[in-house]
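One file, my_file.txt, carrying compact mmCIF, C-alpha atoms:
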# COMPACT_ATOMS: atom_id res chain seq x y z
CA MET A 1 62.67 158.61 94.73
CA LEU A 2 65.44 156.01 94.98
CA ARG A 3 68.67 157.19 96.50
CA LYS A 4 72.15 155.85 97.30
CA ALA A 5 74.00 158.37 99.39
CA THR A 6 77.06 156.48 100.65
CA GLY A 7 80.14 154.92 99.08
CA ARG A 8 82.15 156.01 96.10
CA LEU A 9 79.21 155.51 93.80
CA THR A 10 76.23 157.63 94.75
CA GLY A 11 73.11 158.75 92.97
CA TRP A 12 69.38 158.96 92.86
CA ILE A 13 66.46 158.41 90.55
CA GLY A 14 63.42 160.66 90.82
CA TYR A 15 60.05 160.67 89.13
CA THR A 16 57.51 163.47 89.35
CA TRP A 17 54.01 163.67 88.00
CA SER A 18 52.55 167.15 88.07
CA ARG A 19 50.19 169.38 86.16
CA ALA A 20 50.21 173.15 85.70
CA LEU A 21 46.85 174.34 84.44
CA VAL A 22 45.89 177.96 83.98
CA GLN A 23 42.59 179.79 83.81
CA THR A 24 42.80 183.40 82.72
CA PRO A 25 39.76 185.60 82.12
CA GLY A 26 39.58 186.55 78.46
CA VAL A 27 42.04 183.91 77.34
CA ASN A 28 40.96 180.63 75.70
CA GLU A 29 37.36 181.73 76.17
CA GLY A 30 37.85 181.49 79.91
CA ASN A 31 38.57 177.75 79.75
CA THR A 32 41.40 176.06 81.61
CA TYR A 33 44.48 175.26 79.53
CA PRO A 34 47.87 173.70 80.24
CA ALA A 35 50.64 176.22 80.98
CA SER A 36 53.64 176.25 78.68
CA TYR A 37 55.71 174.89 81.59
CA ASP A 38 53.28 172.01 82.16
CA HIS A 39 55.45 168.86 82.03
CA PRO A 40 53.32 166.06 83.48
CA ASN A 41 56.07 163.44 83.56
CA GLU A 42 59.57 164.18 84.71
CA VAL A 43 62.36 161.70 85.36
CA THR A 44 65.79 162.60 86.73
CA VAL A 45 68.70 160.20 87.09
CA ASN A 46 71.90 161.29 88.80
CA VAL A 47 75.02 159.14 89.18
CA SER A 48 78.30 160.27 90.73
CA TRP A 49 81.57 158.47 91.28
CA ASP A 50 84.32 159.85 93.45
CA ASP A 51 87.65 158.08 93.95
CA GLY A 52 88.06 159.89 97.24
CA LYS A 53 91.30 161.49 96.10
CA GLN A 54 91.41 163.50 92.92
CA TRP A 55 88.84 162.32 90.40
CA ALA A 56 85.08 162.78 90.43
CA PHE A 57 82.65 161.96 87.66
CA THR A 58 78.99 162.88 87.43
CA ALA A 59 76.25 162.02 84.97
CA ASN A 60 72.83 163.61 85.07
CA TRP A 61 69.98 162.62 82.77
CA ILE A 62 66.68 164.42 82.63
CA TYR A 63 63.52 163.55 80.75
CA MET A 64 60.26 165.46 80.72
CA THR A 65 57.08 165.63 78.70
CA GLY A 66 57.32 168.37 76.08
CA GLY A 67 55.88 171.74 77.02
CA ALA A 68 52.43 172.78 75.87
CA ILE A 69 52.35 175.01 72.80
CA THR A 70 49.72 176.51 70.56
CA THR A 71 49.81 175.21 67.01
CA PRO A 72 47.44 176.06 64.16
CA VAL A 73 44.35 174.07 63.35
CA GLY A 74 44.35 175.48 59.83
CA PHE A 75 45.59 178.23 57.53
CA TYR A 76 44.12 181.01 55.45
CA TYR A 77 45.49 183.50 52.96
CA ILE A 78 45.72 187.28 53.20
CA ASN A 79 47.47 189.34 50.51
CA GLY A 80 49.61 186.38 49.47
CA SER A 81 50.63 185.30 52.97
CA SER A 82 49.67 182.00 54.58
CA VAL A 83 48.26 182.87 58.00
CA PRO A 84 47.89 180.31 60.80
CA LEU A 85 44.49 179.91 62.39
CA TYR A 86 44.43 178.83 66.03
CA GLY A 87 41.83 176.99 68.05
CA GLU A 88 42.32 176.29 71.75
CA LYS A 89 45.33 177.74 73.53
CA ASN A 90 48.21 175.32 74.13
CA ASN A 91 46.41 172.60 72.19
CA ASP A 92 49.60 170.74 71.33
CA ARG A 93 52.91 169.63 72.82
CA LEU A 94 56.54 169.83 71.86
CA PRO A 95 58.40 166.53 71.60
CA ALA A 96 59.69 165.11 74.88
CA TYR A 97 62.67 166.96 76.32
CA HIS A 98 65.66 164.95 77.42
CA ARG A 99 69.38 165.42 77.75
CA LEU A 100 72.44 163.95 79.42
CA ASP A 101 75.01 166.12 81.18
CA LEU A 102 78.44 164.69 81.98
CA SER A 103 81.22 166.15 84.03
CA ALA A 104 84.68 165.07 85.11
CA ALA A 105 86.59 166.96 87.78
CA PHE A 106 90.22 166.64 88.79
CA THR A 107 91.42 168.09 92.08
CA PHE A 108 95.05 169.14 92.04
CA ASN A 109 95.68 169.56 95.75
CA LYS A 110 95.72 166.98 98.50
CA PRO A 111 92.57 166.85 100.70
CA ASP A 112 94.24 168.47 103.75
CA ASN A 113 95.69 171.44 101.85
CA ARG A 114 94.59 174.94 102.85
CA TYR A 115 94.17 175.97 99.22
CA ARG A 116 92.10 173.84 96.95
CA HIS A 117 91.94 174.04 93.21
CA SER A 118 90.37 171.81 90.61
CA LEU A 119 89.57 171.60 86.94
CA ALA A 120 86.19 170.41 85.70
CA VAL A 121 85.22 169.51 82.16
CA THR A 122 81.50 169.44 81.46
CA LEU A 123 79.43 168.31 78.51
CA TYR A 124 75.93 169.78 78.56
CA ASN A 125 73.56 167.73 76.41
CA ALA A 126 76.27 165.14 75.78
CA TYR A 127 74.43 163.22 73.08
CA GLY A 128 73.44 166.37 71.21
CA ARG A 129 69.70 166.00 71.48
CA LEU A 130 68.00 168.82 69.55
CA ASN A 131 65.21 169.76 71.90
CA PRO A 132 62.92 172.11 69.98
CA PHE A 133 61.57 175.17 71.79
CA SER A 134 59.24 176.35 69.06
CA VAL A 135 57.55 175.25 65.86
CA SER A 136 56.60 177.51 62.97
CA PHE A 137 54.84 177.11 59.65
CA ASN A 138 56.17 180.01 57.58
CA LYS A 139 59.39 178.85 55.95
CA LEU A 140 60.54 177.15 52.81
CA MET A 141 63.88 175.64 51.91
CA ASP A 142 65.92 177.82 49.56
CA ASN A 143 68.48 176.67 47.00
CA ASN A 144 71.20 176.64 49.67
CA GLY A 145 69.23 174.32 51.91
CA ASP A 146 68.42 177.07 54.41
CA PHE A 147 64.93 177.61 55.77
CA VAL A 148 63.76 181.14 54.98
CA VAL A 149 60.56 183.16 54.91
CA PRO A 150 59.45 183.54 51.27
CA SER A 151 60.06 187.00 49.86
CA ASP A 152 58.14 186.59 46.60
CA LEU A 153 54.45 186.45 47.45
CA GLU A 154 53.50 185.39 43.92
CA GLY A 155 55.91 182.47 43.77
CA SER A 156 54.77 178.91 44.15
CA TYR A 157 55.44 178.06 47.75
CA GLY A 158 56.56 174.91 49.44
CA LEU A 159 56.09 175.94 53.02
CA VAL A 160 57.02 173.30 55.57
CA PRO A 161 56.73 173.09 59.36
CA THR A 162 60.07 173.77 61.02
CA SER A 163 61.27 173.46 64.58
CA ILE A 164 63.96 175.52 66.26
CA SER A 165 66.33 174.04 68.81
CA VAL A 166 69.12 175.65 70.74
CA ALA A 167 72.63 174.27 70.25
CA GLY A 168 73.39 170.57 70.62
CA ILE A 169 76.42 169.70 72.73
CA ILE A 170 77.80 172.54 74.86
CA PRO A 171 81.23 171.81 76.35
CA SER A 172 82.74 173.89 79.12
CA ILE A 173 85.87 173.96 81.23
CA ASN A 174 85.94 175.43 84.72
CA TYR A 175 88.96 176.07 86.89
CA ILE A 176 88.04 176.54 90.53
CA PHE A 177 90.36 177.95 93.18
CA ARG A 178 89.20 178.02 96.81
CA PHE A 179 91.06 179.69 99.62
CA MET B 1 81.08 194.16 79.91
CA ARG B 2 77.43 193.50 79.29
CA SER B 3 78.04 192.99 75.57
CA LEU B 4 80.81 190.54 76.45
CA LEU B 5 78.37 188.60 78.59
CA MET B 6 75.87 188.57 75.73
CA LEU B 7 78.36 186.95 73.36
CA PRO B 8 77.98 183.40 74.71
CA VAL B 9 74.20 183.78 74.66
CA LEU B 10 74.27 184.98 71.07
CA ALA B 11 76.64 182.17 70.19
CA LEU B 12 74.12 179.69 71.55
CA PHE B 13 71.39 181.12 69.40
CA LEU B 14 73.61 181.22 66.35
CA THR B 15 74.35 177.55 66.76
CA GLY B 16 70.64 176.85 67.12
CA CYS B 17 69.14 174.52 64.61
CA VAL B 18 66.16 175.00 62.29
CA LYS B 19 65.01 171.76 60.77
CA GLU B 20 62.00 170.49 58.91
CA THR B 21 59.60 168.58 61.07
CA ASP B 22 56.56 166.43 60.47
CA TRP B 23 53.81 168.15 62.40
CA PRO B 24 50.24 166.89 62.00
CA LEU B 25 47.75 169.54 63.02
CA GLU B 26 45.52 168.94 66.03
CA GLY B 27 41.89 170.06 66.17
CA ASP B 28 39.09 170.92 63.77
CA VAL B 29 39.36 173.80 61.34
CA PRO B 30 36.70 176.45 61.94
CA LYS B 31 34.61 177.27 58.88
CA ASP B 32 35.18 180.99 59.35
CA ILE B 33 34.84 183.18 56.29
CA ILE B 34 38.06 184.96 55.32
CA VAL B 35 37.89 188.41 53.73
CA ASP B 36 40.84 189.88 51.84
CA ALA B 37 39.81 193.31 50.60
CA ILE B 38 41.73 196.51 49.96
CA ILE B 39 40.14 199.37 48.09
CA THR B 40 42.23 202.31 46.88
CA ASP B 41 41.84 205.81 45.46
CA GLU B 42 42.69 204.51 41.98
CA VAL B 43 39.94 204.40 39.37
CA LYS B 44 39.98 200.72 38.49
CA VAL B 45 38.37 197.38 39.14
CA HIS B 46 38.90 196.49 42.81
CA LYS B 47 38.48 193.02 44.18
CA VAL B 48 37.27 191.38 47.36
CA THR B 49 38.35 187.78 47.89
CA LEU B 50 36.28 185.47 50.09
CA SER B 51 37.64 182.11 51.18
CA ARG B 52 37.61 179.57 53.98
CA PRO B 53 40.57 178.16 55.92
CA VAL B 54 42.30 174.97 54.84
CA ASP B 55 43.42 172.20 57.16
CA ARG B 56 46.96 171.75 55.83
CA LEU B 57 49.88 173.98 55.02
CA ASP B 58 50.18 175.00 51.36
CA LEU B 59 46.76 173.82 50.28
CA PRO B 60 45.00 176.21 47.87
CA SER B 61 42.37 178.37 49.51
CA GLN B 62 38.74 177.31 49.43
CA PRO B 63 36.70 180.01 47.64
CA VAL B 64 33.38 181.21 49.02
CA ALA B 65 31.13 181.41 45.98
CA GLY B 66 27.70 182.85 45.47
CA ALA B 67 27.94 185.61 48.07
CA ALA B 68 26.29 189.00 47.77
CA VAL B 69 28.98 191.65 48.28
CA LEU B 70 28.29 195.38 48.58
CA ILE B 71 30.45 198.42 49.30
CA SER B 72 28.81 201.62 50.44
CA ASP B 73 30.13 205.07 51.33
CA GLY B 74 26.84 206.31 52.77
CA ASP B 75 25.90 208.13 49.59
CA SER B 76 26.47 205.45 46.98
CA THR B 77 26.45 201.68 46.98
CA TRP B 78 28.36 199.41 44.63
CA GLN B 79 27.48 195.79 44.07
CA LEU B 80 30.40 193.51 43.38
CA ALA B 81 30.18 190.69 40.84
CA GLU B 82 31.76 187.26 41.00
CA THR B 83 32.83 187.46 37.36
CA LEU B 84 34.16 183.93 37.30
CA PRO B 85 31.50 181.88 39.10
CA GLY B 86 32.94 179.73 41.87
CA SER B 87 36.15 181.76 42.14
CA GLY B 88 35.27 183.55 45.38
CA VAL B 89 36.68 186.77 43.86
CA TYR B 90 34.22 189.66 43.63
CA TYR B 91 34.91 192.72 41.45
CA THR B 92 33.72 196.32 41.67
CA PRO B 93 32.72 198.30 38.58
CA ALA B 94 35.74 199.79 36.75
CA THR B 95 34.66 203.29 37.74
CA PHE B 96 35.01 202.62 41.45
CA PHE B 97 37.53 204.47 43.62
CA ALA B 98 37.75 205.38 47.28
CA ARG B 99 37.87 208.98 48.55
CA LEU B 100 39.35 210.66 51.57
CA GLN B 101 36.97 211.64 54.40
CA LYS B 102 34.53 208.92 53.48
CA THR B 103 33.73 205.88 55.58
CA TYR B 104 33.26 202.73 53.57
CA THR B 105 31.16 199.78 54.66
CA LEU B 106 31.61 196.31 53.27
CA LEU B 107 28.58 194.05 53.53
CA ILE B 108 28.75 190.36 52.71
CA SER B 109 25.79 188.04 52.72
CA VAL B 110 26.46 184.34 52.31
CA ASN B 111 24.47 181.27 53.31
CA GLY B 112 22.11 183.33 55.43
CA SER B 113 24.90 185.02 57.41
CA ILE B 114 25.81 188.69 57.16
CA TYR B 115 29.26 190.11 57.81
CA THR B 116 30.19 193.79 57.83
CA ALA B 117 33.27 195.96 58.18
CA LYS B 118 33.96 199.68 58.12
CA THR B 119 37.07 201.46 56.99
CA ALA B 120 38.41 204.87 56.06
CA MET B 121 41.43 206.12 54.16
CA MET B 122 44.55 208.08 55.10
CA ALA B 123 46.02 210.53 52.59
CA GLY B 124 48.79 209.26 50.35
CA ALA B 125 52.32 210.62 50.25
CA LEU B 126 55.15 210.99 47.81
CA PHE B 127 58.21 208.92 48.61
CA ARG B 128 61.85 208.34 47.84
CA GLU B 129 62.44 205.51 45.39
CA LEU B 130 63.96 202.23 46.50
CA THR B 131 67.63 201.44 46.15
CA TYR B 132 69.10 198.29 44.70
CA ALA B 133 72.51 196.66 44.60
CA ARG B 134 74.42 194.13 42.55
CA ASP B 135 75.34 190.76 43.99
CA ASP B 136 78.97 190.05 43.21
CA GLY B 137 78.40 186.31 43.35
CA ASN B 138 75.83 185.94 40.58
CA GLY B 139 75.93 189.35 38.90
CA MET B 140 72.21 189.84 39.48
CA TYR B 141 70.50 192.62 41.39
CA TYR B 142 68.44 192.72 44.56
CA VAL B 143 66.38 195.28 46.44
CA ASP B 144 68.59 196.91 49.03
CA TRP B 145 66.27 199.41 50.74
CA VAL B 146 62.64 200.35 50.34
CA ALA B 147 61.64 202.43 53.34
CA SER B 148 62.20 202.83 57.04
CA SER B 149 60.44 200.08 58.95
CA PHE B 150 59.37 202.53 61.65
CA SER B 151 57.44 205.78 61.54
CA LEU B 152 55.09 207.12 64.19
CA GLU B 153 53.22 209.41 61.81
CA SER B 154 53.20 207.74 58.45
CA ALA B 155 52.42 204.02 58.36
CA ALA B 156 52.52 202.47 54.91
CA MET B 157 52.63 199.25 53.00
CA TRP B 158 55.03 199.05 50.06
CA GLU B 159 54.27 196.72 47.20
CA LEU B 160 56.99 195.96 44.68
CA LEU B 161 55.86 194.47 41.38
CA ILE B 162 59.02 193.19 39.77
CA ASP B 163 59.02 192.30 36.08
CA TRP B 164 61.92 191.01 34.01
CA SER B 165 59.83 189.17 31.42
CA HIS B 166 61.02 191.59 28.69
CA VAL B 167 64.74 191.13 29.44
CA ALA B 168 66.61 189.14 26.78
CA GLY B 169 67.00 185.53 27.84
CA TYR B 170 64.08 185.62 30.27
CA GLU B 171 61.14 186.16 27.89
CA SER B 172 60.16 182.52 27.53
CA LEU B 173 60.12 181.65 31.22
CA ASP B 174 56.95 180.94 33.14
CA SER B 175 55.38 184.01 34.68
CA ALA B 176 56.40 182.83 38.17
CA ASP B 177 60.04 182.84 37.04
CA ASN B 178 60.18 186.33 35.55
CA HIS B 179 57.79 188.19 37.82
CA ALA B 180 57.79 188.68 41.57
CA ARG B 181 55.83 190.59 44.17
CA MET B 182 57.27 191.75 47.47
CA LEU B 183 55.77 193.63 50.39
CA PHE B 184 57.50 195.89 52.89
CA TYR B 185 56.04 197.89 55.73
CA THR B 186 56.53 201.09 57.66
CA LEU B 187 54.77 200.71 60.99
CA PRO B 188 54.38 202.89 64.10
CA THR B 189 55.58 200.01 66.28
CA LEU B 190 58.84 198.19 66.81
CA ASP B 191 58.75 194.57 67.98
CA VAL B 192 61.46 192.27 69.28
CA SER B 193 60.09 189.65 66.88
CA GLU B 194 60.65 192.10 64.03
CA VAL B 195 64.24 192.80 65.06
CA PHE B 196 65.02 189.09 65.41
CA ALA B 197 62.78 187.91 62.57
CA PRO B 198 63.85 184.84 60.61
CA ARG B 199 65.78 185.49 57.43
CA MET B 200 63.81 186.21 54.26
CA GLY B 201 64.61 184.45 51.04
CA SER B 202 66.81 186.22 48.49
CA LEU B 203 65.25 187.53 45.31
CA PHE B 204 67.53 188.33 42.38
CA PHE B 205 66.68 189.85 39.01
CA PRO B 206 68.71 190.95 35.99
CA ALA B 207 69.59 194.43 34.74
CA GLY B 208 66.71 195.89 32.76
CA THR B 209 64.12 194.70 35.28
CA VAL B 210 61.30 197.16 35.88
CA ILE B 211 60.07 197.56 39.43
CA THR B 212 56.76 199.26 40.05
CA GLU B 213 56.88 200.59 43.58
CA ARG B 214 53.48 201.26 45.15
CA ARG B 215 52.96 202.94 48.51
CA TYR B 216 49.68 202.18 50.31
CA SER B 217 48.72 204.55 53.12
CA LEU B 218 47.59 202.81 56.29
CA THR B 219 45.25 203.92 59.04
CA ALA B 220 46.23 203.16 62.63
CA THR B 221 43.86 200.19 62.78
CA HIS B 222 45.07 198.85 59.44
CA ALA B 223 48.67 199.16 60.65
CA GLU B 224 47.74 197.31 63.84
CA PHE B 225 46.16 194.56 61.76
CA ILE B 226 49.31 194.27 59.66
CA ARG B 227 51.48 194.15 62.77
CA GLY B 228 49.39 191.21 64.00
CA LEU B 229 49.65 189.59 60.59
CA LEU B 230 53.44 189.95 60.51
CA LEU B 231 53.76 188.56 64.03
CA GLU B 232 52.13 185.38 62.71
CA THR B 233 53.82 185.27 59.30
CA ASN B 234 57.13 187.00 58.49
CA TRP B 235 58.24 187.60 62.08
CA THR B 236 57.45 184.24 63.66
CA GLY B 237 59.89 181.36 63.79
CA GLY B 238 62.85 183.41 64.99
CA VAL B 239 64.89 182.95 68.15
CA PHE B 240 62.45 185.00 70.24
CA PRO B 241 59.08 183.37 69.65
CA VAL B 242 56.00 185.20 70.89
CA ALA B 243 52.81 183.56 72.10
CA PRO B 244 50.80 182.64 69.00
CA ALA B 245 47.42 184.31 68.64
CA ASN B 246 44.84 184.75 65.95
CA VAL B 247 45.29 187.89 63.89
CA GLY B 248 42.76 190.63 64.65
CA THR B 249 40.13 191.75 62.21
CA ASN B 250 37.69 194.56 61.52
CA LEU B 251 35.06 192.12 60.24
CA SER B 252 31.98 191.31 62.29
CA ASP B 253 30.33 188.05 63.29
CA GLY B 254 33.36 185.77 63.36
CA ALA B 255 34.72 186.57 59.91
CA ARG B 256 38.49 187.03 59.64
CA GLY B 257 40.75 189.13 57.46
CA TYR B 258 40.57 192.85 56.85
CA PHE B 259 38.72 195.42 54.80
CA GLY B 260 41.07 198.34 54.21
CA ALA B 261 41.12 201.55 52.20
CA CYS B 262 44.45 202.96 51.03
CA ALA B 263 45.64 205.94 49.04
CA VAL B 264 48.20 204.70 46.55
CA THR B 265 51.20 206.56 45.17
CA GLU B 266 53.39 204.87 42.64
CA LEU B 267 56.63 205.18 40.75
CA SER B 268 58.64 202.99 38.46
CA VAL B 269 62.31 202.04 38.66
CA THR B 270 64.36 200.43 35.91
CA ILE B 271 67.41 198.51 37.08
CA GLU B 272 70.43 200.06 35.39
CA PRO B 273 73.63 198.04 35.11

With the file now loaded, output its structure as structure tokens.
Amino acid sequence: MLRKATGRLTGWIGYTWSRALVQTPGVNEGNTYPASYDHPNEVTVNVSWDDGKQWAFTANWIYMTGGAITTPVGFYYINGSSVPLYGEKNNDRLPAYHRLDLSAAFTFNKPDNRYRHSLAVTLYNAYGRLNPFSVSFNKLMDNNGDFVVPSDLEGSYGLVPTSISVAGIIPSINYIFRF
Amino acid sequence: MRSLLMLPVLALFLTGCVKETDWPLEGDVPKDIIVDAIITDEVKVHKVTLSRPVDRLDLPSQPVAGAAVLISDGDSTWQLAETLPGSGVYYTPATFFARLQKTYTLLISVNGSIYTAKTAMMAGALFRELTYARDDGNGMYYVDWVASSFSLESAAMWELLIDWSHVAGYESLDSADNHARMLFYTLPTLDVSEVFAPRMGSLFFPAGTVITERRYSLTATHAEFIRGLLLETNWTGGVFPVAPANVGTNLSDGARGYFGACAVTELSVTIEP
């Protein structure tokens, strides 16, 4: 880890390599498999700037290998439905996860005041990265451009793999009063 | 207060994004045999479909041809015939029907391997007909309600065969454009994945459409199989994903799918304007 802890500009860069492997009797034929929270590579960059008076800015960037997931090795059909067929547990990985969080804080009071209050504006996932948390293989695109599960089991399909991500940019405003 | 706290969480999910992705599959496809077989108490030709998995989404199934397929109830045995050679679809004689209080055994012999399954049938039941409604946007109709999705005592599968091929203006369309088939279920379980399942596509049809509504009785094990099937098909891909797992089976020796016996009750509904 590299770190700068003094001055107006501070920050650190960290890298972690780790593995989380699981062996559970009766699961994956007793063989070891990567846990869903297994992220072998993780990088964190944190930069802060404080003018020493009223303004403080922080940027935090995180990158990690995508979590392990189980995806099908093939498909079969039962009563008109396309059914995924799985091989080894957690045989696949989601795309790499990364995001940038930014915050700017303004302190209203002077440093020696008994009461302190500040306003912070934060952007979580500032560049709107869509980090998927799951992948599925059961949807088609309807006439409105939405991905839906087919209702007509006799219709000609056009199933496509789809990923689901939670919201892109999440802004927030916090007012903090300390006494 | 708790519901207020849930609002931001729900808002996050609502702003979640579903998008198409390019996802090459990893790993080799097992050559498991897939059995899709439901026999009923109706006197008719019943079919057993044998196939193998495919290695890509939306590929047509690979039929298992040349198998010997038998159904036995302990007293009688019926041999099924692959009427169209190479199709992987095996048909019973037209006089075949399943009875209550009998246990049926399916026996499949293919390429030197033998697969078996046993099943029994629950009694059928009369039911209230579905309801439908008119969509103000396009003036067409859609199925509004079929049955409760939960019942501890009376699990069932509902098949809707929807036909508007005789309605003026729709006669000359391809069969796929004037027929549809939908399935609904009443199960003795209630899953989070079911409650937060991804949206199903809309299906509209004109006034004059005839819907044949068929209720299939389900045993507890058949209902459990269907629950597993739905967890991997209709209910997956929502905001609360569950750990993926292969669907259970009542077939032996590594075969997949299900051999079920159902009592069928049926009624017909004509969509009135």

Item to complete: Select residues of chain A: the criterion is any atom within 7 Å of an atom of chain B, counting only C-alpha atoms; output as a PyMOL selection string.
Response: chain A and resi 70+72-79+83-86+92+135-136+138+142+148-155+158-167

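When the distance limit is 8 Å and only C-alpha atoms are what count, the residues near Phe106 (chain A), minus those fewer than 4 positions from it on the same chain, are Gln54, Trp55, Ala56, Ser118, Leu119 and Ala120 of chain A.
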
Response to the item:
Students should find that CA of Val69 (chain B) and CA of Pro85 (chain B) are spaced 13.6 Å

Practice prompt. Please provide as a list in words all residues within 6 Å of Asp41 (chain B), with the sequence filter that same-chain residues fewer than 6 positions apart are discarded (counting all atoms listed in the file).
Written response: Phe97, Ala98, Arg99 and Ala263 of chain B

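Excluding Met140 (chain B) itself and same-chain residues fewer than 3 positions from it, the residues having an atom within 8 Å of it are Arg134, Asp135, Asp136, Phe204, Phe205, Pro206 and Ala207 of chain B, counting all atoms listed in the file.
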
Practice prompt. Rounded to one decimal place, report the CA of Trp78 (chain B)-CA of Ala123 (chain B) distance in Å.
Written response: 22.3 Å

Worksheet item: Which neighbours of Ala220 (chain B) fall inside 12 Å, counting all atoms listed in the file, when residues of the same chain fewer than 4 positions from it are skipped, and could you give them as JSON, numbers by chain?
Response: {"B": [119, 120, 121, 122, 151, 152, 153, 154, 155, 156, 186, 187, 188, 189, 224, 225, 226, 227, 260, 261, 262]}

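Minimum atom-to-atom distance to Ala255 (chain B), evaluated using only C-alpha atoms, belongs to B:Ile114 out of B:Leu173, B:Val269, B:Leu218, B:Ile114.
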
Worksheet item: Between CA of Val110 (chain B) and CA of Thr83 (chain B), what is the spacing in Å?
Response: 16.5 Å

Provide an axis-aligned box for all listed atoms of region 147-164 of chain A, padding each side by 6 Å; report its centre and its edge lengths in Å to one decimal, as AutoDock Vina command-line options.
--center_x 59.2 --center_y 180.0 --center_z 55.0 --size_x 23.4 --size_y 25.9 --size_z 34.5

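Comparing the minimum interatomic distances between Phe133 (chain A) and each of A:Gly66, A:Pro34, A:Gly26, A:Gly80, counting all atoms listed in the file, we find that A:Gly66 sits nearest.
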
Worksheet entry | Which of B:Ile108, B:Leu190, B:Gly208, B:Val146 sits closest to Gly169 (chain B) [using all atoms listed in the file] | B:Gly208

Worksheet entry | Of the listed residues A:Ile69, A:Ala59, A:Ile170, A:Met141, that which approaches Ser36 (chain A) most closely, counting only C-alpha atoms | A:Ile69
